[in-house]
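Asks: Just one file: start_23.txt, with compact mmCIF, N, CA and C atoms.
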# COMPACT_ATOMS: atom_id res chain seq x y z
N MET A 290 138.18 94.88 -26.38
CA MET A 290 137.69 94.59 -25.04
C MET A 290 136.95 93.26 -25.07
N THR A 291 137.23 92.41 -24.15
CA THR A 291 136.54 91.13 -24.08
C THR A 291 135.92 90.90 -22.70
N GLY A 292 135.69 91.95 -21.93
CA GLY A 292 135.02 91.81 -20.65
C GLY A 292 135.70 90.76 -19.79
N SER A 293 134.90 89.88 -19.22
CA SER A 293 135.45 88.85 -18.33
C SER A 293 135.74 87.54 -19.06
N LEU A 294 135.48 87.50 -20.35
CA LEU A 294 135.74 86.28 -21.11
C LEU A 294 137.15 86.25 -21.66
N LYS A 295 137.74 85.07 -21.69
CA LYS A 295 139.00 84.88 -22.39
C LYS A 295 138.65 84.23 -23.72
N LEU A 296 138.67 85.01 -24.78
CA LEU A 296 138.19 84.56 -26.08
C LEU A 296 139.33 84.27 -27.04
N SER A 297 139.08 83.30 -27.91
CA SER A 297 139.93 83.07 -29.07
C SER A 297 139.05 83.21 -30.30
N PHE A 298 139.65 83.51 -31.43
CA PHE A 298 138.90 83.81 -32.65
C PHE A 298 139.48 83.03 -33.82
N ARG A 299 138.59 82.68 -34.75
CA ARG A 299 139.00 82.08 -36.02
C ARG A 299 137.83 82.20 -36.99
N PRO A 300 138.12 82.14 -38.30
CA PRO A 300 137.03 82.16 -39.28
C PRO A 300 136.12 80.94 -39.10
N LEU A 301 134.86 81.12 -39.49
CA LEU A 301 133.92 80.00 -39.45
C LEU A 301 134.31 78.94 -40.47
N GLU A 302 134.01 77.71 -40.13
CA GLU A 302 134.20 76.57 -41.02
C GLU A 302 132.86 75.85 -41.16
N MET A 303 132.68 75.12 -42.23
CA MET A 303 131.43 74.38 -42.42
C MET A 303 131.15 73.46 -41.24
N ASP A 304 132.19 72.96 -40.60
CA ASP A 304 132.01 72.10 -39.42
C ASP A 304 131.37 72.85 -38.25
N ASP A 305 131.29 74.18 -38.33
CA ASP A 305 130.68 74.98 -37.27
C ASP A 305 129.16 75.10 -37.42
N LEU A 306 128.60 74.46 -38.42
CA LEU A 306 127.16 74.60 -38.69
C LEU A 306 126.31 74.32 -37.45
N GLU A 307 126.58 73.23 -36.77
CA GLU A 307 125.80 72.88 -35.58
C GLU A 307 125.97 73.93 -34.48
N ALA A 308 127.19 74.39 -34.27
CA ALA A 308 127.46 75.36 -33.21
C ALA A 308 126.81 76.72 -33.50
N ILE A 309 126.91 77.22 -34.74
CA ILE A 309 126.29 78.52 -35.03
C ILE A 309 124.77 78.41 -34.98
N SER A 310 124.24 77.28 -35.40
CA SER A 310 122.79 77.08 -35.33
C SER A 310 122.31 77.10 -33.89
N LEU A 311 123.06 76.49 -32.99
CA LEU A 311 122.68 76.48 -31.57
C LEU A 311 122.77 77.88 -30.97
N VAL A 312 123.84 78.62 -31.28
CA VAL A 312 123.97 79.99 -30.78
C VAL A 312 122.81 80.83 -31.29
N HIS A 313 122.53 80.75 -32.59
CA HIS A 313 121.43 81.50 -33.20
C HIS A 313 120.10 81.13 -32.53
N TYR A 314 119.84 79.85 -32.40
CA TYR A 314 118.59 79.36 -31.82
C TYR A 314 118.42 79.91 -30.40
N ARG A 315 119.44 79.76 -29.57
CA ARG A 315 119.35 80.21 -28.17
C ARG A 315 119.18 81.72 -28.08
N ALA A 316 119.89 82.46 -28.92
CA ALA A 316 119.80 83.92 -28.90
C ALA A 316 118.43 84.40 -29.37
N CYS A 317 117.89 83.79 -30.40
CA CYS A 317 116.61 84.23 -30.95
C CYS A 317 115.43 83.94 -30.03
N LEU A 318 115.52 82.88 -29.25
CA LEU A 318 114.46 82.60 -28.29
C LEU A 318 114.27 83.76 -27.33
N ILE A 319 115.35 84.49 -27.05
CA ILE A 319 115.29 85.65 -26.16
C ILE A 319 115.06 86.94 -26.95
N ALA A 320 115.89 87.19 -27.95
CA ALA A 320 115.86 88.46 -28.68
C ALA A 320 114.58 88.67 -29.49
N TYR A 321 113.98 87.59 -29.97
CA TYR A 321 112.84 87.72 -30.86
C TYR A 321 111.53 87.28 -30.21
N ARG A 322 111.43 87.46 -28.90
CA ARG A 322 110.17 87.14 -28.21
C ARG A 322 108.99 87.90 -28.81
N PHE A 323 109.23 89.14 -29.24
CA PHE A 323 108.17 89.95 -29.82
C PHE A 323 107.62 89.36 -31.12
N LEU A 324 108.38 88.47 -31.74
CA LEU A 324 107.94 87.79 -32.97
C LEU A 324 107.28 86.45 -32.68
N ASN A 325 107.32 86.03 -31.42
CA ASN A 325 106.91 84.66 -31.08
C ASN A 325 107.74 83.68 -31.89
N TRP A 326 109.04 83.93 -31.94
CA TRP A 326 109.99 83.14 -32.72
C TRP A 326 109.95 81.70 -32.24
N SER A 327 109.74 80.75 -33.17
CA SER A 327 109.55 79.36 -32.73
C SER A 327 110.10 78.33 -33.71
N TYR A 328 111.17 78.70 -34.41
CA TYR A 328 111.77 77.72 -35.32
C TYR A 328 112.49 76.65 -34.50
N SER A 329 112.54 75.44 -35.03
CA SER A 329 113.26 74.37 -34.36
C SER A 329 114.76 74.49 -34.65
N LEU A 330 115.57 73.85 -33.84
CA LEU A 330 117.00 73.84 -34.08
C LEU A 330 117.31 73.24 -35.45
N GLN A 331 116.57 72.22 -35.84
CA GLN A 331 116.79 71.59 -37.15
C GLN A 331 116.45 72.57 -38.29
N GLU A 332 115.41 73.37 -38.12
CA GLU A 332 115.06 74.36 -39.14
C GLU A 332 116.14 75.43 -39.25
N VAL A 333 116.68 75.86 -38.12
CA VAL A 333 117.75 76.85 -38.12
C VAL A 333 118.97 76.29 -38.84
N GLU A 334 119.32 75.05 -38.54
CA GLU A 334 120.49 74.43 -39.16
C GLU A 334 120.28 74.31 -40.68
N ALA A 335 119.10 73.93 -41.10
CA ALA A 335 118.81 73.82 -42.54
C ALA A 335 118.89 75.19 -43.21
N TRP A 336 118.47 76.24 -42.51
CA TRP A 336 118.52 77.60 -43.05
C TRP A 336 119.96 78.06 -43.21
N TYR A 337 120.83 77.72 -42.24
CA TYR A 337 122.23 78.15 -42.28
C TYR A 337 123.07 77.38 -43.28
N SER A 338 122.72 76.16 -43.56
CA SER A 338 123.57 75.30 -44.38
C SER A 338 124.06 75.97 -45.67
N PRO A 339 123.19 76.62 -46.47
CA PRO A 339 123.69 77.25 -47.70
C PRO A 339 124.31 78.63 -47.49
N LYS A 340 124.21 79.20 -46.30
CA LYS A 340 124.66 80.57 -46.06
C LYS A 340 126.18 80.74 -46.17
N PHE A 341 126.93 79.70 -45.85
CA PHE A 341 128.39 79.82 -45.86
C PHE A 341 128.90 80.33 -47.21
N ALA A 342 128.29 79.87 -48.29
CA ALA A 342 128.72 80.26 -49.63
C ALA A 342 128.44 81.74 -49.91
N GLU A 343 127.51 82.36 -49.17
CA GLU A 343 127.14 83.76 -49.40
C GLU A 343 128.06 84.74 -48.67
N TRP A 344 128.75 84.26 -47.65
CA TRP A 344 129.52 85.16 -46.79
C TRP A 344 130.90 85.45 -47.35
N SER A 345 131.31 86.71 -47.25
CA SER A 345 132.64 87.11 -47.72
C SER A 345 133.66 87.16 -46.59
N TRP A 346 133.19 87.23 -45.35
CA TRP A 346 134.09 87.31 -44.18
C TRP A 346 133.34 86.78 -42.97
N THR A 347 133.98 85.95 -42.18
CA THR A 347 133.34 85.38 -40.99
C THR A 347 134.33 85.33 -39.84
N LEU A 348 133.78 85.27 -38.63
CA LEU A 348 134.61 85.10 -37.46
C LEU A 348 133.77 84.47 -36.35
N ALA A 349 134.37 83.51 -35.68
CA ALA A 349 133.74 82.88 -34.52
C ALA A 349 134.57 83.22 -33.29
N ALA A 350 133.90 83.42 -32.18
CA ALA A 350 134.56 83.65 -30.89
C ALA A 350 134.32 82.43 -30.02
N PHE A 351 135.38 81.95 -29.40
CA PHE A 351 135.29 80.77 -28.54
C PHE A 351 135.80 81.11 -27.15
N GLU A 352 135.11 80.58 -26.16
CA GLU A 352 135.60 80.59 -24.79
C GLU A 352 135.89 79.13 -24.48
N ALA A 353 137.16 78.82 -24.27
CA ALA A 353 137.61 77.42 -24.19
C ALA A 353 137.20 76.76 -25.51
N ASP A 354 136.44 75.68 -25.46
CA ASP A 354 136.03 75.01 -26.70
C ASP A 354 134.60 75.33 -27.11
N ALA A 355 133.93 76.19 -26.36
CA ALA A 355 132.52 76.50 -26.64
C ALA A 355 132.41 77.79 -27.46
N MET A 356 131.56 77.76 -28.48
CA MET A 356 131.35 78.96 -29.29
C MET A 356 130.58 79.99 -28.47
N ALA A 357 131.17 81.18 -28.32
CA ALA A 357 130.52 82.27 -27.60
C ALA A 357 129.64 83.07 -28.54
N GLY A 358 130.03 83.16 -29.81
CA GLY A 358 129.27 83.93 -30.78
C GLY A 358 129.95 83.91 -32.13
N PHE A 359 129.30 84.54 -33.10
CA PHE A 359 129.87 84.58 -34.45
C PHE A 359 129.32 85.77 -35.21
N ILE A 360 130.04 86.15 -36.25
CA ILE A 360 129.62 87.23 -37.13
C ILE A 360 129.95 86.82 -38.56
N ALA A 361 129.10 87.25 -39.49
CA ALA A 361 129.32 86.94 -40.91
C ALA A 361 128.93 88.17 -41.73
N LEU A 362 129.80 88.52 -42.67
CA LEU A 362 129.55 89.64 -43.56
C LEU A 362 129.27 89.14 -44.97
N LYS A 363 128.38 89.86 -45.65
CA LYS A 363 128.20 89.74 -47.10
C LYS A 363 128.72 91.06 -47.64
N ASP A 364 129.93 91.04 -48.15
CA ASP A 364 130.62 92.25 -48.59
C ASP A 364 130.71 93.23 -47.42
N ARG A 365 129.99 94.34 -47.47
CA ARG A 365 130.07 95.38 -46.43
C ARG A 365 128.79 95.41 -45.58
N HIS A 366 128.10 94.29 -45.52
CA HIS A 366 126.84 94.20 -44.77
C HIS A 366 126.97 93.09 -43.71
N VAL A 367 126.66 93.42 -42.46
CA VAL A 367 126.66 92.41 -41.40
C VAL A 367 125.41 91.56 -41.60
N ASP A 368 125.60 90.36 -42.08
CA ASP A 368 124.48 89.46 -42.35
C ASP A 368 124.01 88.76 -41.08
N GLN A 369 124.96 88.36 -40.24
CA GLN A 369 124.63 87.64 -39.00
C GLN A 369 125.58 88.08 -37.90
N LEU A 370 125.04 88.31 -36.71
CA LEU A 370 125.84 88.52 -35.50
C LEU A 370 125.01 88.01 -34.34
N TYR A 371 125.46 86.93 -33.75
CA TYR A 371 124.75 86.34 -32.61
C TYR A 371 125.76 85.94 -31.55
N VAL A 372 125.35 86.16 -30.31
CA VAL A 372 126.15 85.75 -29.15
C VAL A 372 125.27 84.85 -28.30
N ASP A 373 125.85 83.76 -27.80
CA ASP A 373 125.11 82.86 -26.94
C ASP A 373 124.65 83.63 -25.70
N PRO A 374 123.38 83.48 -25.32
CA PRO A 374 122.86 84.23 -24.16
C PRO A 374 123.67 84.04 -22.88
N SER A 375 124.32 82.92 -22.72
CA SER A 375 125.13 82.69 -21.51
C SER A 375 126.37 83.59 -21.50
N ARG A 376 126.66 84.24 -22.63
CA ARG A 376 127.83 85.11 -22.73
C ARG A 376 127.46 86.54 -23.10
N HIS A 377 126.20 86.91 -22.91
CA HIS A 377 125.77 88.29 -23.15
C HIS A 377 126.43 89.22 -22.14
N ARG A 378 126.69 90.42 -22.58
CA ARG A 378 127.23 91.50 -21.74
C ARG A 378 128.62 91.18 -21.18
N CYS A 379 129.36 90.34 -21.88
CA CYS A 379 130.73 90.00 -21.48
C CYS A 379 131.76 90.49 -22.49
N GLY A 380 131.33 91.14 -23.56
CA GLY A 380 132.24 91.68 -24.55
C GLY A 380 132.42 90.87 -25.81
N ALA A 381 131.80 89.70 -25.89
CA ALA A 381 131.97 88.87 -27.09
C ALA A 381 131.40 89.55 -28.33
N GLY A 382 130.21 90.12 -28.23
CA GLY A 382 129.59 90.79 -29.37
C GLY A 382 130.41 91.99 -29.83
N SER A 383 130.89 92.79 -28.88
CA SER A 383 131.72 93.94 -29.23
C SER A 383 133.02 93.50 -29.88
N ALA A 384 133.63 92.47 -29.36
CA ALA A 384 134.88 91.97 -29.94
C ALA A 384 134.67 91.52 -31.38
N LEU A 385 133.58 90.81 -31.63
CA LEU A 385 133.29 90.34 -32.98
C LEU A 385 133.00 91.51 -33.92
N LEU A 386 132.15 92.44 -33.48
CA LEU A 386 131.78 93.56 -34.34
C LEU A 386 132.98 94.46 -34.62
N GLU A 387 133.80 94.72 -33.61
CA GLU A 387 134.97 95.57 -33.81
C GLU A 387 135.94 94.95 -34.82
N ARG A 388 136.10 93.64 -34.78
CA ARG A 388 136.98 92.96 -35.75
C ARG A 388 136.38 93.02 -37.16
N ALA A 389 135.07 92.89 -37.26
CA ALA A 389 134.41 92.99 -38.56
C ALA A 389 134.57 94.39 -39.14
N ILE A 390 134.38 95.41 -38.32
CA ILE A 390 134.53 96.79 -38.77
C ILE A 390 135.96 97.03 -39.24
N ALA A 391 136.92 96.51 -38.52
CA ALA A 391 138.33 96.67 -38.90
C ALA A 391 138.64 95.95 -40.21
N SER A 392 137.93 94.84 -40.47
CA SER A 392 138.19 94.08 -41.70
C SER A 392 137.56 94.73 -42.92
N ALA A 393 136.58 95.61 -42.70
CA ALA A 393 135.86 96.26 -43.81
C ALA A 393 135.76 97.75 -43.53
N PRO A 394 136.89 98.47 -43.54
CA PRO A 394 136.83 99.90 -43.23
C PRO A 394 135.96 100.66 -44.22
N GLY A 395 135.35 101.70 -43.73
CA GLY A 395 134.43 102.48 -44.54
C GLY A 395 133.00 102.23 -44.12
N ARG A 396 132.10 102.43 -45.05
CA ARG A 396 130.67 102.29 -44.78
C ARG A 396 130.31 100.82 -44.62
N ILE A 397 129.58 100.51 -43.54
CA ILE A 397 129.13 99.14 -43.29
C ILE A 397 127.67 99.21 -42.83
N THR A 398 126.88 98.23 -43.23
CA THR A 398 125.44 98.24 -42.94
C THR A 398 125.02 96.97 -42.23
N LEU A 399 123.82 97.01 -41.67
CA LEU A 399 123.19 95.83 -41.09
C LEU A 399 121.70 96.09 -40.97
N ASP A 400 120.93 95.03 -40.79
CA ASP A 400 119.49 95.13 -40.56
C ASP A 400 119.22 94.68 -39.13
N VAL A 401 118.27 95.36 -38.49
CA VAL A 401 117.88 95.00 -37.12
C VAL A 401 116.38 95.28 -36.98
N PHE A 402 115.70 94.42 -36.25
CA PHE A 402 114.27 94.65 -36.03
C PHE A 402 114.06 95.85 -35.12
N GLU A 403 113.07 96.67 -35.44
CA GLU A 403 112.77 97.86 -34.66
C GLU A 403 112.53 97.52 -33.18
N GLN A 404 111.88 96.40 -32.92
CA GLN A 404 111.55 96.04 -31.54
C GLN A 404 112.70 95.34 -30.81
N ASN A 405 113.83 95.15 -31.46
CA ASN A 405 115.00 94.54 -30.80
C ASN A 405 115.82 95.68 -30.18
N PHE A 406 115.30 96.21 -29.08
CA PHE A 406 115.87 97.41 -28.46
C PHE A 406 117.29 97.18 -27.94
N VAL A 407 117.56 96.02 -27.40
CA VAL A 407 118.90 95.73 -26.87
C VAL A 407 119.93 95.76 -28.00
N ALA A 408 119.60 95.13 -29.13
CA ALA A 408 120.53 95.13 -30.27
C ALA A 408 120.69 96.55 -30.82
N ARG A 409 119.62 97.31 -30.88
CA ARG A 409 119.71 98.67 -31.40
C ARG A 409 120.64 99.54 -30.55
N LEU A 410 120.55 99.41 -29.24
CA LEU A 410 121.45 100.15 -28.35
C LEU A 410 122.90 99.71 -28.55
N PHE A 411 123.10 98.41 -28.70
CA PHE A 411 124.43 97.85 -28.94
C PHE A 411 125.02 98.44 -30.22
N TYR A 412 124.25 98.44 -31.31
CA TYR A 412 124.76 98.95 -32.58
C TYR A 412 125.01 100.45 -32.52
N ALA A 413 124.14 101.19 -31.84
CA ALA A 413 124.35 102.64 -31.69
C ALA A 413 125.66 102.91 -30.94
N LYS A 414 125.94 102.10 -29.93
CA LYS A 414 127.19 102.25 -29.17
C LYS A 414 128.41 102.07 -30.07
N HIS A 415 128.25 101.32 -31.16
CA HIS A 415 129.34 101.06 -32.09
C HIS A 415 129.28 101.97 -33.32
N GLY A 416 128.50 103.04 -33.25
CA GLY A 416 128.51 104.04 -34.30
C GLY A 416 127.53 103.84 -35.44
N PHE A 417 126.59 102.92 -35.29
CA PHE A 417 125.57 102.70 -36.33
C PHE A 417 124.37 103.61 -36.08
N HIS A 418 123.75 104.06 -37.18
CA HIS A 418 122.58 104.93 -37.11
C HIS A 418 121.51 104.45 -38.07
N GLU A 419 120.25 104.60 -37.68
CA GLU A 419 119.13 104.19 -38.53
C GLU A 419 119.08 105.07 -39.78
N ARG A 420 118.91 104.40 -40.94
CA ARG A 420 118.82 105.13 -42.22
C ARG A 420 117.56 104.81 -43.01
N ASP A 421 116.92 103.67 -42.71
CA ASP A 421 115.74 103.30 -43.48
C ASP A 421 114.93 102.31 -42.65
N ARG A 422 113.66 102.13 -43.04
CA ARG A 422 112.78 101.18 -42.36
C ARG A 422 111.80 100.61 -43.37
N TRP A 423 111.36 99.39 -43.12
CA TRP A 423 110.39 98.73 -43.98
C TRP A 423 109.71 97.62 -43.22
N MET A 424 108.59 97.17 -43.74
CA MET A 424 107.88 96.05 -43.14
C MET A 424 108.48 94.76 -43.69
N ASN A 425 108.98 93.94 -42.79
CA ASN A 425 109.47 92.61 -43.15
C ASN A 425 108.23 91.72 -43.19
N GLU A 426 107.73 91.49 -44.39
CA GLU A 426 106.48 90.76 -44.56
C GLU A 426 106.59 89.32 -44.06
N GLU A 427 107.75 88.70 -44.25
CA GLU A 427 107.93 87.32 -43.83
C GLU A 427 107.80 87.17 -42.31
N GLU A 428 108.36 88.13 -41.56
CA GLU A 428 108.35 88.05 -40.10
C GLU A 428 107.23 88.88 -39.47
N GLY A 429 106.60 89.77 -40.26
CA GLY A 429 105.52 90.60 -39.72
C GLY A 429 106.01 91.63 -38.72
N ALA A 430 107.20 92.21 -38.97
CA ALA A 430 107.77 93.18 -38.06
C ALA A 430 108.54 94.24 -38.87
N ILE A 431 108.72 95.41 -38.27
CA ILE A 431 109.47 96.48 -38.92
C ILE A 431 110.97 96.17 -38.82
N ASP A 432 111.64 96.21 -39.97
CA ASP A 432 113.08 96.04 -40.04
C ASP A 432 113.70 97.43 -40.25
N LEU A 433 114.89 97.63 -39.71
CA LEU A 433 115.61 98.90 -39.86
C LEU A 433 116.95 98.64 -40.53
N LEU A 434 117.34 99.56 -41.40
CA LEU A 434 118.69 99.55 -41.95
C LEU A 434 119.53 100.47 -41.08
N TYR A 435 120.62 99.94 -40.55
CA TYR A 435 121.57 100.73 -39.78
C TYR A 435 122.85 100.84 -40.59
N VAL A 436 123.45 102.03 -40.54
CA VAL A 436 124.65 102.32 -41.30
C VAL A 436 125.70 102.91 -40.37
N ARG A 437 126.93 102.48 -40.59
CA ARG A 437 128.08 103.07 -39.89
C ARG A 437 129.02 103.57 -40.95
N GLU A 438 129.25 104.88 -40.94
CA GLU A 438 130.17 105.47 -41.90
C GLU A 438 131.57 105.37 -41.33
N GLY A 439 132.50 104.84 -42.12
CA GLY A 439 133.87 104.68 -41.65
C GLY A 439 134.60 105.93 -41.75
Is it possible to express this structure as structure tokens?

Replies:
Amino acid sequence: MTGSLKLSFRPLEMDDLEAISLVHYRACLIAYRFLNWSYSLQEVEAWYSPKFAEWSWTLAAFEADAMAGFIALKDRHVDQLYVDPSRHRCGAGSALLERAIASAPGRITLDVFEQNFVARLFYAKHGFHERDRWMNEEEGAIDLLYVREG
């Protein structure tokens, strides 16, 4: 399902660094208000630069030539999933997550902040359930481990 968006998909490339950083930056300004999230776009880009080597599977969603969102797995763990706020609730996140689940059948995990209620509802809709919790000392917030059994 892709809602009202006409999306195309392809694996991430290193040339996508600027685009994924912008999607991440824009999404976090909204999703992480409870953290007073305030990293600069340049800081986000510097953080992402080495991440490509860690990912075992990636996918970007595009509407026309603009990146709508992206997902990246480290083995069977969803390391990153962000959708540009201008494309929220249009099916881009579901399309990305469903493709990731199909690429890694069986048990798959992800981390989500306890106070990120919108993301938690989204993941529950896709069959993920809370299995563990801990204090993320770096961010000063409770992180949750969500698991989806395939």

Asks: DSSP on the backbone, strand (DSSP E) only: what residues of range 291-435 of chain A does that give? Format it as a ChimeraX atom specification.

Replies: /A:296-299,346-352,355-363,366-372,397-402,418-425,430-435

Asks: Please determine, counting only C-alpha atoms, which residue among A:Phe298, A:Phe359, A:Tyr412, A:Trp423 has the shortest atom-to-atom distance to Tyr435 in chain A.

Replies: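 The answer is A:Tyr412, which sits nearest to Tyr435 in chain A.
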
Asks: What lies within 12 Å of Ser329 in chain A using only C-alpha atoms, ignoring chain neighbours under 2 positions off, as a list in words?

Replies: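 Final neighbour list, sorted by chain and number: Ser310, Leu311, His313, Tyr314, Arg315, Cys317, Leu318, Trp326, Ser327, Gln331, Glu332, Val333, Glu334, Ala335 and Trp336 of chain A.
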
Asks: If we count only C-alpha atoms and set the cut-off at 9 Å, which residues sit around range 364-376 of chain A, ignoring sequence neighbours fewer than 5 positions away in its own chain? Please answer as a ChimeraX atom specification.

Replies: /A:294,309,311-317,319,344-346,350,356-359,381-382,385-386,389-390,393-400

Asks: Which neighbours of Leu301 in chain A fall inside 6 Å, counting all atoms listed in the file, when residues of the same chain fewer than 3 positions from it are skipped, and could you give them as a ChimeraX atom specification?

Replies: /A:347-349

Asks: So that I have them on file, write out the residues from the current selection with N, CA and C atoms, as a PDB file, in the coordinates of the input.

Replies:
ATOM      1  N   THR A 347     133.980  85.950 -42.180  1.00  0.00           N
ATOM      2  CA  THR A 347     133.340  85.380 -40.990  1.00  0.00           C
ATOM      3  C   THR A 347     134.330  85.330 -39.840  1.00  0.00           C
ATOM      4  N   LEU A 348     133.780  85.270 -38.630  1.00  0.00           N
ATOM      5  CA  LEU A 348     134.610  85.100 -37.460  1.00  0.00           C
ATOM      6  C   LEU A 348     133.770  84.470 -36.350  1.00  0.00           C
ATOM      7  N   ALA A 349     134.370  83.510 -35.680  1.00  0.00           N
ATOM      8  CA  ALA A 349     133.740  82.880 -34.520  1.00  0.00           C
ATOM      9  C   ALA A 349     134.570  83.220 -33.290  1.00  0.00           C
TER      10      ALA A 349
END

Asks: Excluding Glu403 in chain A and any residue of its chain fewer than 2 positions from it, enumerate the residues within 9 Å of it, using only C-alpha atoms, and give them as a ChimeraX atom specification.

Replies: /A:401,405-406,409,422,430-433

Asks: How many Å lie between CA of Met424 in chain A and atom C of Leu324 in chain A, rounded to one decimal?

Replies: 14.2 Å
